[in-house]
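coords-v3.csv follows (CSV, C-alpha atoms):
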```csv
chain,number,residue,atom,x,y,z
A,692,PHE,CA,0.0,0.0,0.0
A,693,ASP,CA,1.1,3.6,-0.4
A,694,VAL,CA,0.1,6.7,1.6
A,695,LYS,CA,0.0,10.2,0.2
A,696,PHE,CA,-0.2,13.2,2.5
A,697,ASP,CA,-1.6,16.5,1.2
A,698,ASP,CA,-0.9,19.7,3.2
A,699,GLY,CA,-0.6,17.6,6.3
A,700,GLU,CA,-4.4,17.4,6.7
A,701,SER,CA,-5.8,14.7,4.4
A,702,PHE,CA,-4.4,11.6,2.9
A,703,VAL,CA,-5.1,9.0,0.2
A,704,LEU,CA,-4.6,5.3,1.1
A,705,ARG,CA,-4.4,2.7,-1.6
A,706,LEU,CA,-4.6,-1.1,-0.9
A,707,SER,CA,-4.8,-4.1,-3.2
A,708,ALA,CA,-5.5,-7.7,-2.8
A,709,GLU,CA,-5.6,-10.9,-4.9
A,710,ASP,CA,-7.9,-13.9,-4.6
A,711,ALA,CA,-9.7,-12.1,-1.8
A,712,THR,CA,-13.2,-12.4,-0.4
A,713,PHE,CA,-15.8,-9.5,-0.3
A,714,ARG,CA,-19.0,-10.3,1.7
A,715,ILE,CA,-22.1,-8.2,1.3
A,716,LEU,CA,-25.8,-9.0,2.3
A,717,ASP,CA,-24.8,-12.7,3.1
A,718,GLN,CA,-23.4,-13.1,-0.4
A,719,VAL,CA,-19.7,-13.7,-1.2
A,720,LEU,CA,-17.7,-12.2,-4.1
A,721,THR,CA,-14.2,-13.5,-4.7
A,722,GLY,CA,-11.4,-12.1,-6.9
A,723,ASP,CA,-8.9,-9.2,-7.0
A,724,PHE,CA,-9.5,-5.6,-5.9
A,725,SER,CA,-7.7,-2.4,-5.2
A,726,VAL,CA,-8.9,0.1,-2.6
A,727,THR,CA,-8.6,3.8,-2.7
A,728,ALA,CA,-9.6,5.4,0.6
A,729,GLY,CA,-10.5,9.0,0.9
A,730,GLU,CA,-11.9,11.2,3.6
A,731,ASN,CA,-15.6,10.4,3.0
A,732,GLU,CA,-15.7,7.1,1.1
A,733,VAL,CA,-13.7,4.0,0.1
A,734,LEU,CA,-13.6,2.9,-3.5
A,735,PHE,CA,-13.0,-0.8,-4.5
A,736,ALA,CA,-12.0,-1.4,-8.1
A,737,MET,CA,-12.9,-5.0,-8.7
A,738,GLU,CA,-11.3,-7.4,-11.2
A,739,ALA,CA,-11.2,-11.1,-11.9
A,740,MET,CA,-14.4,-11.4,-9.8
A,741,SER,CA,-16.9,-14.2,-9.5
A,742,VAL,CA,-20.0,-14.7,-7.4
A,743,ALA,CA,-22.2,-17.6,-6.5
A,744,LEU,CA,-25.8,-17.3,-5.1
A,745,SER,CA,-27.2,-20.3,-3.3
A,746,ALA,CA,-30.8,-21.2,-2.5
A,747,GLY,CA,-30.7,-24.7,-1.0
A,748,ALA,CA,-29.1,-27.0,-3.6
A,749,VAL,CA,-29.7,-24.4,-6.4
A,750,ARG,CA,-26.6,-22.4,-7.4
A,751,LEU,CA,-26.4,-19.3,-9.6
A,752,THR,CA,-22.8,-18.6,-10.6
A,753,ALA,CA,-21.5,-15.6,-12.5
A,754,GLY,CA,-18.0,-14.9,-13.6
A,755,ALA,CA,-16.6,-18.4,-13.2
A,756,GLY,CA,-16.2,-20.2,-16.5
A,757,GLU,CA,-15.4,-23.9,-16.7
A,758,ASP,CA,-12.0,-23.4,-18.3
A,759,GLU,CA,-11.1,-20.2,-16.4
A,760,GLU,CA,-8.8,-20.3,-13.4
A,761,GLU,CA,-10.0,-16.9,-12.3
A,762,GLY,CA,-13.2,-14.9,-12.5
A,763,ASN,CA,-14.1,-12.6,-15.3
A,764,GLY,CA,-16.1,-9.9,-13.5
A,765,ALA,CA,-15.1,-6.3,-13.2
A,766,GLY,CA,-16.7,-3.2,-11.6
A,767,MET,CA,-16.7,-0.7,-8.8
A,768,VAL,CA,-17.9,-0.7,-5.2
A,769,VAL,CA,-18.4,2.4,-3.0
A,770,VAL,CA,-18.4,2.3,0.8
A,771,ASN,CA,-19.4,5.4,2.8
A,772,ALA,CA,-21.4,6.4,5.9
A,773,GLN,CA,-24.7,5.5,4.2
A,774,GLY,CA,-23.7,2.0,3.4
A,775,VAL,CA,-22.3,-0.1,0.5
A,776,SER,CA,-23.3,-0.1,-3.2
A,777,GLY,CA,-21.7,-1.6,-6.3
A,778,GLU,CA,-22.0,-2.8,-9.9
A,779,ILE,CA,-20.0,-5.6,-11.5
A,780,SER,CA,-20.3,-7.1,-14.9
A,781,PHE,CA,-19.6,-10.8,-15.8
A,782,SER,CA,-19.2,-12.6,-19.1
A,783,THR,CA,-20.4,-16.0,-18.0
A,784,PHE,CA,-23.3,-17.4,-16.1
A,785,SER,CA,-24.6,-20.8,-15.0
A,786,LEU,CA,-27.5,-22.4,-13.1
A,787,THR,CA,-27.2,-25.8,-11.4
A,788,GLY,CA,-29.2,-27.9,-9.0
A,789,VAL,CA,-32.6,-27.6,-10.8
A,790,PRO,CA,-33.9,-30.6,-12.8
A,791,ASP,CA,-35.6,-30.0,-16.2
A,792,VAL,CA,-34.2,-26.5,-16.4
A,793,SER,CA,-31.2,-24.9,-18.3
A,794,VAL,CA,-30.1,-21.4,-18.8
A,795,SER,CA,-28.1,-19.6,-21.5
A,796,ALA,CA,-26.6,-16.0,-21.1
A,797,SER,CA,-23.7,-14.2,-22.6
A,798,ALA,CA,-23.3,-11.4,-20.0
A,799,VAL,CA,-24.6,-10.8,-16.5
A,800,ASN,CA,-24.7,-7.6,-14.4
A,801,LEU,CA,-24.7,-7.6,-10.6
A,802,GLU,CA,-26.0,-4.6,-8.6
A,803,PHE,CA,-26.2,-4.4,-4.8
A,804,SER,CA,-26.7,-1.7,-2.2
A,805,THR,CA,-27.5,-1.2,1.4
A,806,MET,CA,-28.0,2.5,0.9
A,807,GLU,CA,-31.6,3.7,1.3
A,808,SER,CA,-33.1,5.7,-1.6
A,809,PRO,CA,-36.6,6.6,-2.8
A,810,GLU,CA,-36.3,4.2,-5.7
A,811,GLU,CA,-34.8,1.4,-3.5
A,812,PRO,CA,-35.8,1.7,0.1
A,813,ASP,CA,-34.6,-1.8,1.0
A,814,PRO,CA,-31.2,-3.5,0.6
A,815,PHE,CA,-30.8,-5.7,-2.5
A,816,PHE,CA,-28.3,-8.0,-4.2
A,817,ARG,CA,-29.5,-8.5,-7.8
A,818,LEU,CA,-28.4,-10.2,-10.9
A,819,SER,CA,-29.8,-9.2,-14.3
A,820,SER,CA,-29.2,-10.4,-17.9
A,821,GLU,CA,-30.7,-11.0,-21.3
A,822,MET,CA,-30.9,-14.8,-21.2
A,823,THR,CA,-32.8,-17.9,-22.3
A,824,LEU,CA,-34.4,-20.1,-19.7
A,825,THR,CA,-35.6,-23.5,-20.8
A,826,VAL,CA,-38.2,-25.2,-18.7
A,827,LEU,CA,-39.5,-28.7,-19.6
A,828,GLU,CA,-38.1,-28.1,-23.2
A,829,GLN,CA,-40.0,-24.8,-23.6
A,830,GLU,CA,-37.9,-21.6,-24.0
A,831,PHE,CA,-38.5,-18.3,-22.3
A,832,SER,CA,-36.1,-15.6,-23.6
A,833,GLY,CA,-35.9,-12.0,-22.3
A,834,GLU,CA,-34.6,-9.6,-19.7
A,835,LEU,CA,-34.4,-11.4,-16.4
A,836,VAL,CA,-33.8,-9.9,-13.0
A,837,MET,CA,-33.2,-12.3,-10.1
A,838,GLU,CA,-32.7,-12.1,-6.3
A,839,VAL,CA,-32.3,-14.7,-3.5
A,840,VAL,CA,-35.0,-14.2,-0.8
A,841,GLY,CA,-36.3,-16.1,2.2
A,842,GLU,CA,-39.7,-17.7,2.2
A,843,ASN,CA,-41.4,-19.4,5.2
A,844,ASP,CA,-43.0,-22.8,4.8
A,845,ASP,CA,-46.2,-23.9,6.5
A,846,ASN,CA,-44.2,-24.7,9.7
A,847,GLY,CA,-42.6,-21.3,9.8
A,848,ILE,CA,-39.2,-22.5,8.7
A,849,GLU,CA,-37.4,-20.2,6.3
A,850,HIS,CA,-36.1,-21.5,3.0
A,851,ARG,CA,-34.0,-19.5,0.4
A,852,VAL,CA,-35.5,-19.3,-3.1
A,853,ILE,CA,-34.7,-17.4,-6.2
A,854,ARG,CA,-37.4,-14.9,-7.5
A,855,ILE,CA,-37.2,-13.7,-11.1
A,856,ASP,CA,-39.0,-10.9,-12.8
A,857,ALA,CA,-38.9,-11.2,-16.6
A,858,GLU,CA,-39.6,-8.5,-19.2
A,859,ASN,CA,-39.6,-8.4,-23.0
A,860,LEU,CA,-40.2,-12.2,-23.0
A,861,ASN,CA,-40.2,-14.1,-26.3
A,862,VAL,CA,-41.8,-17.5,-26.1
A,863,PRO,CA,-41.7,-19.6,-29.3
A,864,ILE,CA,-44.2,-22.4,-29.4
A,865,MET,CA,-42.5,-25.3,-31.2
A,866,ILE,CA,-44.4,-28.2,-32.7
A,867,GLY,CA,-41.8,-30.7,-33.5
A,868,ASP,CA,-38.9,-28.8,-35.1
A,869,GLU,CA,-41.2,-26.1,-36.5
A,870,GLU,CA,-42.2,-22.8,-34.8
A,871,ALA,CA,-46.0,-22.5,-34.8
A,872,ILE,CA,-46.2,-19.1,-33.2
A,873,SER,CA,-43.9,-16.7,-31.2
A,874,LEU,CA,-45.5,-14.7,-28.3
A,875,GLU,CA,-44.2,-11.8,-26.4
A,876,GLY,CA,-44.9,-10.5,-22.8
A,877,GLU,CA,-43.7,-10.6,-19.2
A,878,GLY,CA,-43.6,-13.0,-16.3
A,879,PHE,CA,-42.6,-14.0,-12.8
A,880,PHE,CA,-40.6,-17.1,-11.9
A,881,ARG,CA,-39.6,-19.0,-8.7
A,882,ILE,CA,-36.6,-21.4,-8.4
A,883,SER,CA,-36.1,-23.7,-5.5
A,884,ASP,CA,-34.8,-27.1,-4.6
A,885,GLU,CA,-38.0,-28.7,-5.9
A,886,GLY,CA,-37.8,-27.0,-9.4
A,887,ILE,CA,-39.1,-24.0,-11.1
A,888,ALA,CA,-42.6,-22.5,-11.5
A,889,GLY,CA,-43.8,-19.3,-13.1
A,890,PHE,CA,-46.7,-17.4,-14.7
A,891,GLY,CA,-47.2,-14.3,-16.9
A,892,SER,CA,-49.1,-12.8,-19.8
A,893,LEU,CA,-48.3,-12.8,-23.5
A,894,GLY,CA,-49.6,-10.2,-25.9
A,895,VAL,CA,-50.9,-11.2,-29.4
A,896,GLY,CA,-52.0,-9.4,-32.5
A,897,GLU,CA,-55.5,-9.3,-34.0
A,898,GLU,CA,-55.0,-12.6,-35.8
A,899,ILE,CA,-52.5,-15.4,-35.4
A,900,THR,CA,-52.3,-18.2,-38.0
A,901,LEU,CA,-51.5,-21.5,-36.3
A,902,ILE,CA,-51.8,-23.6,-39.5
A,903,GLU,CA,-52.1,-21.7,-42.8
A,904,SER,CA,-55.7,-21.4,-44.0
A,905,THR,CA,-57.0,-24.0,-41.5
A,906,LEU,CA,-56.4,-23.0,-37.9
A,907,SER,CA,-56.3,-19.4,-36.6
A,908,LEU,CA,-56.7,-17.4,-33.4
A,909,ASN,CA,-58.3,-13.9,-33.3
A,910,GLY,CA,-58.7,-11.2,-30.6
A,911,ALA,CA,-57.1,-13.4,-28.0
A,912,THR,CA,-55.6,-12.8,-24.5
A,913,ILE,CA,-53.0,-15.3,-23.5
A,914,ASP,CA,-51.5,-16.1,-20.1
A,915,PHE,CA,-48.9,-18.8,-19.4
A,916,GLN,CA,-48.1,-21.1,-16.5
A,917,PHE,CA,-45.4,-23.6,-15.9
A,918,ASN,CA,-44.4,-25.9,-13.1
A,919,SER,CA,-41.7,-28.5,-12.9
A,920,THR,CA,-41.9,-29.1,-9.1
A,921,GLY,CA,-44.8,-31.5,-9.0
A,922,GLU,CA,-46.2,-29.6,-6.1
A,923,GLU,CA,-48.6,-26.7,-5.6
A,924,ILE,CA,-46.5,-23.5,-5.6
A,925,VAL,CA,-47.2,-19.8,-4.9
A,926,VAL,CA,-45.1,-17.6,-7.1
A,927,ILE,CA,-44.4,-14.1,-5.7
A,928,PRO,CA,-42.9,-11.2,-7.9
A,929,LEU,CA,-39.9,-9.4,-6.6
A,930,GLY,CA,-42.1,-6.4,-5.7
A,931,GLY,CA,-44.1,-8.7,-3.3
A,932,SER,CA,-47.6,-8.1,-4.8
A,933,GLY,CA,-49.5,-9.9,-7.6
A,934,SER,CA,-48.7,-13.5,-6.5
A,935,GLN,CA,-50.3,-16.5,-8.1
A,936,SER,CA,-50.9,-20.0,-6.9
A,937,LEU,CA,-50.1,-22.8,-9.4
A,938,GLU,CA,-51.6,-26.2,-9.2
A,939,ALA,CA,-49.5,-29.3,-8.6
A,940,GLY,CA,-48.0,-31.1,-11.5
A,941,SER,CA,-45.3,-30.9,-14.2
A,942,TYR,CA,-46.5,-28.8,-17.1
A,943,VAL,CA,-46.2,-25.9,-19.5
A,944,ARG,CA,-49.6,-24.4,-20.5
A,945,LEU,CA,-51.2,-21.4,-22.1
A,946,LEU,CA,-54.5,-20.0,-20.9
A,947,VAL,CA,-56.3,-18.5,-23.8
A,948,SER,CA,-59.5,-16.5,-24.3
A,949,GLY,CA,-60.6,-15.5,-27.8
A,950,VAL,CA,-61.9,-16.8,-31.1
A,951,LEU,CA,-60.6,-20.0,-32.5
A,952,GLY,CA,-61.2,-20.4,-36.3
A,953,ILE,CA,-61.3,-24.0,-37.6
A,954,GLY,CA,-61.3,-24.7,-41.3
A,955,PRO,CA,-60.3,-23.0,-44.5
A,956,SER,CA,-60.7,-19.2,-44.8
A,957,ASP,CA,-59.1,-18.4,-48.2
A,958,LEU,CA,-62.4,-18.1,-50.1
A,959,GLU,CA,-65.3,-15.7,-49.4
A,960,GLU,CA,-67.9,-18.6,-49.6
A,961,ASP,CA,-65.7,-20.9,-47.5
A,962,GLN,CA,-65.4,-19.3,-44.0
A,963,PRO,CA,-64.0,-21.1,-41.0
A,964,PHE,CA,-66.1,-22.4,-38.1
A,965,GLU,CA,-65.5,-20.0,-35.2
A,966,LEU,CA,-65.5,-20.8,-31.5
A,967,ASN,CA,-65.5,-17.9,-29.0
A,968,GLY,CA,-64.4,-19.1,-25.6
A,969,SER,CA,-61.7,-20.1,-23.2
A,970,PHE,CA,-59.3,-23.0,-23.5
A,971,VAL,CA,-56.1,-24.4,-22.2
A,972,VAL,CA,-53.1,-25.3,-24.4
A,973,GLU,CA,-50.8,-28.0,-22.9
A,974,ILE,CA,-47.3,-28.1,-24.5
A,975,ALA,CA,-45.3,-31.3,-24.2
A,976,GLU,CA,-42.9,-33.5,-26.2
A,977,GLY,CA,-43.2,-31.4,-29.4
A,978,GLU,CA,-47.0,-31.3,-29.5
A,979,ALA,CA,-49.7,-29.0,-28.3
A,980,VAL,CA,-53.2,-29.9,-27.2
A,981,ILE,CA,-55.8,-27.2,-27.2
A,982,ALA,CA,-58.6,-28.1,-24.8
A,983,LEU,CA,-61.8,-26.0,-24.9
A,984,HIS,CA,-63.6,-25.8,-21.6
A,985,SER,CA,-66.3,-23.2,-22.6
A,986,PHE,CA,-67.3,-21.5,-25.8
A,987,GLU,CA,-70.2,-19.7,-27.5
A,988,ALA,CA,-71.7,-21.2,-30.6
A,989,SER,CA,-74.7,-19.3,-32.1
A,990,ASP,CA,-77.1,-18.7,-29.2
A,991,PHE,CA,-75.7,-21.4,-27.0
A,992,VAL,CA,-73.0,-21.0,-24.3
A,993,LEU,CA,-71.5,-24.4,-23.5
A,994,SER,CA,-69.2,-25.4,-20.7
A,995,GLY,CA,-68.0,-28.5,-18.8
A,996,ASP,CA,-65.6,-29.7,-16.3
A,997,GLU,CA,-63.9,-31.9,-18.8
A,998,PRO,CA,-62.8,-30.5,-22.2
A,999,LEU,CA,-65.7,-30.0,-24.7
A,1000,LEU,CA,-63.3,-30.2,-27.6
A,1001,SER,CA,-59.6,-31.1,-28.0
A,1002,ILE,CA,-57.4,-30.1,-30.9
A,1003,ARG,CA,-54.0,-31.8,-31.1
A,1004,LEU,CA,-51.3,-29.9,-33.0
A,1005,PHE,CA,-48.5,-32.1,-34.3
A,1006,ASN,CA,-45.8,-32.3,-37.0
A,1007,ASP,CA,-46.2,-35.4,-39.2
A,1008,GLY,CA,-42.9,-34.8,-41.0
A,1009,GLY,CA,-44.5,-32.8,-43.8
A,1010,GLY,CA,-45.5,-29.8,-41.7
A,1011,LEU,CA,-48.0,-28.9,-39.1
A,1012,ASP,CA,-51.3,-30.8,-38.9
A,1013,TYR,CA,-54.1,-31.1,-36.4
A,1014,GLU,CA,-56.9,-33.4,-35.3
A,1015,VAL,CA,-60.1,-32.6,-33.5
A,1016,THR,CA,-61.7,-34.8,-30.8
A,1017,VAL,CA,-65.2,-34.1,-29.4
A,1018,GLY,CA,-65.5,-34.7,-25.7
A,1019,TYR,CA,-68.4,-36.3,-23.8
A,1020,SER,CA,-68.8,-32.9,-22.0
A,1021,LEU,CA,-69.7,-31.2,-25.3
A,1022,ILE,CA,-72.5,-33.7,-26.0
A,1023,VAL,CA,-73.8,-33.5,-22.4
A,1024,SER,CA,-73.6,-29.7,-22.3
A,1025,GLY,CA,-75.4,-29.4,-25.6
A,1026,LEU,CA,-78.2,-31.7,-24.5
A,1027,GLN,CA,-78.6,-29.8,-21.3
A,1028,GLN,CA,-78.7,-26.5,-23.1
A,1029,ALA,CA,-81.6,-27.9,-25.3
A,1030,VAL,CA,-83.4,-29.1,-22.2
A,1031,ASP,CA,-83.0,-25.8,-20.4
A,1032,PHE,CA,-84.2,-23.9,-23.5
A,1033,PHE,CA,-87.4,-26.0,-23.7
A,1034,GLU,CA,-88.1,-25.8,-20.0
A,1035,GLU,CA,-87.6,-22.0,-19.8
A,1036,SER,CA,-89.6,-21.3,-23.0
A,1037,LEU,CA,-92.5,-23.7,-22.7
A,1038,ALA,CA,-92.9,-24.6,-19.1
A,1039,GLY,CA,-95.7,-21.9,-18.8
A,1040,ASN,CA,-97.8,-23.4,-21.6
A,1041,ALA,CA,-100.4,-26.1,-20.8
A,1042,PHE,CA,-99.5,-28.2,-23.8
A,1043,TYR,CA,-95.9,-28.7,-22.4
A,1044,THR,CA,-97.2,-31.3,-20.0
A,1045,HIS,CA,-100.1,-32.7,-22.2
A,1046,GLU,CA,-99.5,-35.9,-24.0
A,1047,ILE,CA,-99.0,-35.7,-27.7
A,1048,PRO,CA,-101.2,-38.0,-29.8
A,1049,VAL,CA,-99.6,-41.0,-31.5
A,1050,ILE,CA,-96.4,-40.9,-29.4
A,1051,ASN,CA,-98.4,-40.6,-26.2
A,1052,ARG,CA,-95.8,-38.5,-24.5
A,1053,SER,CA,-95.6,-34.9,-23.4
A,1054,LEU,CA,-92.8,-32.4,-24.3
A,1055,SER,CA,-92.0,-32.4,-20.6
A,1056,GLY,CA,-91.5,-36.2,-20.7
A,1057,ILE,CA,-89.3,-35.9,-23.8
A,1058,THR,CA,-87.0,-33.3,-22.1
A,1059,ASP,CA,-86.8,-35.6,-19.1
A,1060,PHE,CA,-85.7,-38.4,-21.4
A,1061,VAL,CA,-83.1,-36.2,-23.1
A,1062,GLU,CA,-81.7,-35.1,-19.7
A,1063,GLN,CA,-81.5,-38.7,-18.5
A,1064,LEU,CA,-79.7,-39.5,-21.8
A,1065,GLY,CA,-77.2,-36.8,-21.1
A,1066,ASP,CA,-76.6,-38.3,-17.6
A,1067,ARG,CA,-76.0,-41.7,-19.1
A,1068,ILE,CA,-73.5,-40.3,-21.7
A,1069,GLU,CA,-71.6,-38.4,-19.0
A,1070,GLU,CA,-71.4,-41.6,-16.9
A,1071,ALA,CA,-70.1,-43.5,-19.9
A,1072,GLY,CA,-67.5,-40.8,-20.5
A,1073,GLN,CA,-66.2,-41.0,-16.9
A,1074,GLU,CA,-65.9,-44.8,-17.1
```
Starting from the coordinates I provided, produce the structure as structure tokens.
Amino acid sequence: FDVKFDDGESFVLRLSAEDATFRILDQVLTGDFSVTAGENEVLFAMEAMSVALSAGAVRLTAGAGEDEEEGNGAGMVVVNAQGVSGEISFSTFSLTGVPDVSVSASAVNLEFSTMESPEEPDPFFRLSSEMTLTVLEQEFSGELVMEVVGENDDNGIEHRVIRIDAENLNVPIMIGDEEAISLEGEGFFRISDEGIAGFGSLGVGEEITLIESTLSLNGATIDFQFNSTGEEIVVIPLGGSGSQSLEAGSYVRLLVSGVLGIGPSDLEEDQPFELNGSFVVEIAEGEAVIALHSFEASDFVLSGDEPLLSIRLFNDGGGLDYEVTVGYSLIVSGLQQAVDFFEESLAGNAFYTHEIPVINRSLSGITDFVEQLGDRIEEAGQE
């Protein structure tokens, strides 16, 4: 170190260290730094730095490449009476300890501070990067900001997890080796020992063509959910508000509301059949299954616990194709709608309960039969 005196009143102290440890907010930075100490603050010039953030068995590592003997991070840290703040950039990043998840990033930025400000009233230690996160073979690319935080379980025991806020997301929906659509939006993720879970919203245009001239989506709002943990998980954004509970399982799905057009639409006299409703898209193993749970068709509004209609998107080697399966719930719901229509429209008329000549049955008896038929179909579907 060297000491420089100025007019006998102030001095500048410079120190340097190699392969040293710098601990801040329970996180550890390692590498080389030189220190310049003045009257009101101390400046750390950081080089060859690396950092590892741990949440249970999960480990986020920045600045430590596989073939590098020393870190690749560089930046500056300021220490004064208000606290500590710093910013360091790294050229490598890795995520380990999470099954069914991989990450790719070319550069990562670390920011931390214990200094209170209107924009950041609480201390933080935060990594950010433009990266691609792959969950159960589905890619989510965008600007990700992540922090390690403590969450209490049902027994009040604290566990460390990683929360991620994602902006400018790009989510390509792949069917086989072909991209069906690409969606953009934002989301919130949670990484723990059990795996990763997340949710968000994806904006779409006025019309999306899934398969040219045969399958399209119009005026839709699309949300997404994914969960690799197998357990019910609550995902909390970094800001602490707007959390969402995700059901147990291992899945990647889209929650869609809008108009689904089925059939050709290239000729004026040959328009597609349109379904206006809500449906769930399950994405797995290079296929997507669109399951409609409620929709409007003409004057009928149909819904059911099980899918009314399922459309499987797949790649048969010659391009995208699809097949439609009608569910038992659609038949049952349609029959029930017909029964309800007759009961509401005709129940006040005397002839509704009078027997009709020749068939010797009343309209009331016929609707009872149709309702019983619907019950039988539903039972058969469940078996």
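The space separating atom CA of Asn763 of chain A from atom CA of Ser741 of chain A comes to 6.6 Å.
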May I have the residues within 10 Å of segment 733-738 of chain A as a PyMOL selection string, using all atoms listed in the file and disregarding those fewer than 4 positions away in the same chain?
chain A and resi 703-710+713+720-729+761-772+775+777-780
Using all atoms listed in the file, which residues sit within 7 Å of segment 867-877 of chain A once same-chain residues fewer than 2 positions away are excluded, as a PDB file with C-alpha atoms, keeping the file's coordinate frame?
```pdb
ATOM      1  CA  ALA A 857     -38.900 -11.200 -16.600  1.00  0.00           C
ATOM      2  CA  GLU A 858     -39.600  -8.500 -19.200  1.00  0.00           C
ATOM      3  CA  ASN A 859     -39.600  -8.400 -23.000  1.00  0.00           C
ATOM      4  CA  LEU A 860     -40.200 -12.200 -23.000  1.00  0.00           C
ATOM      5  CA  ASN A 861     -40.200 -14.100 -26.300  1.00  0.00           C
ATOM      6  CA  VAL A 862     -41.800 -17.500 -26.100  1.00  0.00           C
ATOM      7  CA  PRO A 863     -41.700 -19.600 -29.300  1.00  0.00           C
ATOM      8  CA  ILE A 864     -44.200 -22.400 -29.400  1.00  0.00           C
ATOM      9  CA  MET A 865     -42.500 -25.300 -31.200  1.00  0.00           C
ATOM     10  CA  GLY A 891     -47.200 -14.300 -16.900  1.00  0.00           C
ATOM     11  CA  SER A 892     -49.100 -12.800 -19.800  1.00  0.00           C
ATOM     12  CA  LEU A 893     -48.300 -12.800 -23.500  1.00  0.00           C
ATOM     13  CA  GLY A 894     -49.600 -10.200 -25.900  1.00  0.00           C
ATOM     14  CA  VAL A 895     -50.900 -11.200 -29.400  1.00  0.00           C
ATOM     15  CA  LEU A 901     -51.500 -21.500 -36.300  1.00  0.00           C
ATOM     16  CA  GLY A 977     -43.200 -31.400 -29.400  1.00  0.00           C
ATOM     17  CA  GLU A 978     -47.000 -31.300 -29.500  1.00  0.00           C
ATOM     18  CA  PHE A1005     -48.500 -32.100 -34.300  1.00  0.00           C
ATOM     19  CA  ASN A1006     -45.800 -32.300 -37.000  1.00  0.00           C
TER      20      ASN A1006
END
```
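The spacing separating atom CA of Asp884 of chain A from atom CA of Leu946 of chain A amounts to 26.5 Å.
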Using only C-alpha atoms, what residues lie at most 9 Å away from (-49.4, -20.8, -7.7) (file coordinates), given as a PyMOL selection string?
chain A and resi 888-890+916+918+923-927+934-939
In Å, rounded to a single decimal, give me how far atom CA of Asn800 of chain A is from atom CA of Thr823 of chain A.
15.3 Å
Would you list the contacts of segment 846-853 of chain A as JSON, numbers by chain, taking every protein, DNA or RNA residue within 6 Å and counting only C-alpha atoms, but skipping same-chain residues closer than 3 positions in sequence?
{"A": [746, 838, 839, 840, 841, 842, 843, 881, 882, 883]}
Close residues, Ser795 of chain A itself excluded, 10 Å, all atoms listed in the file, min 3 positions apart in chain, as a list in words:
Thr783, Phe784, Ser785, Leu786, Ala798, Ser820, Glu821, Met822, Thr823, Leu824, Thr825 and Ser832 of chain A
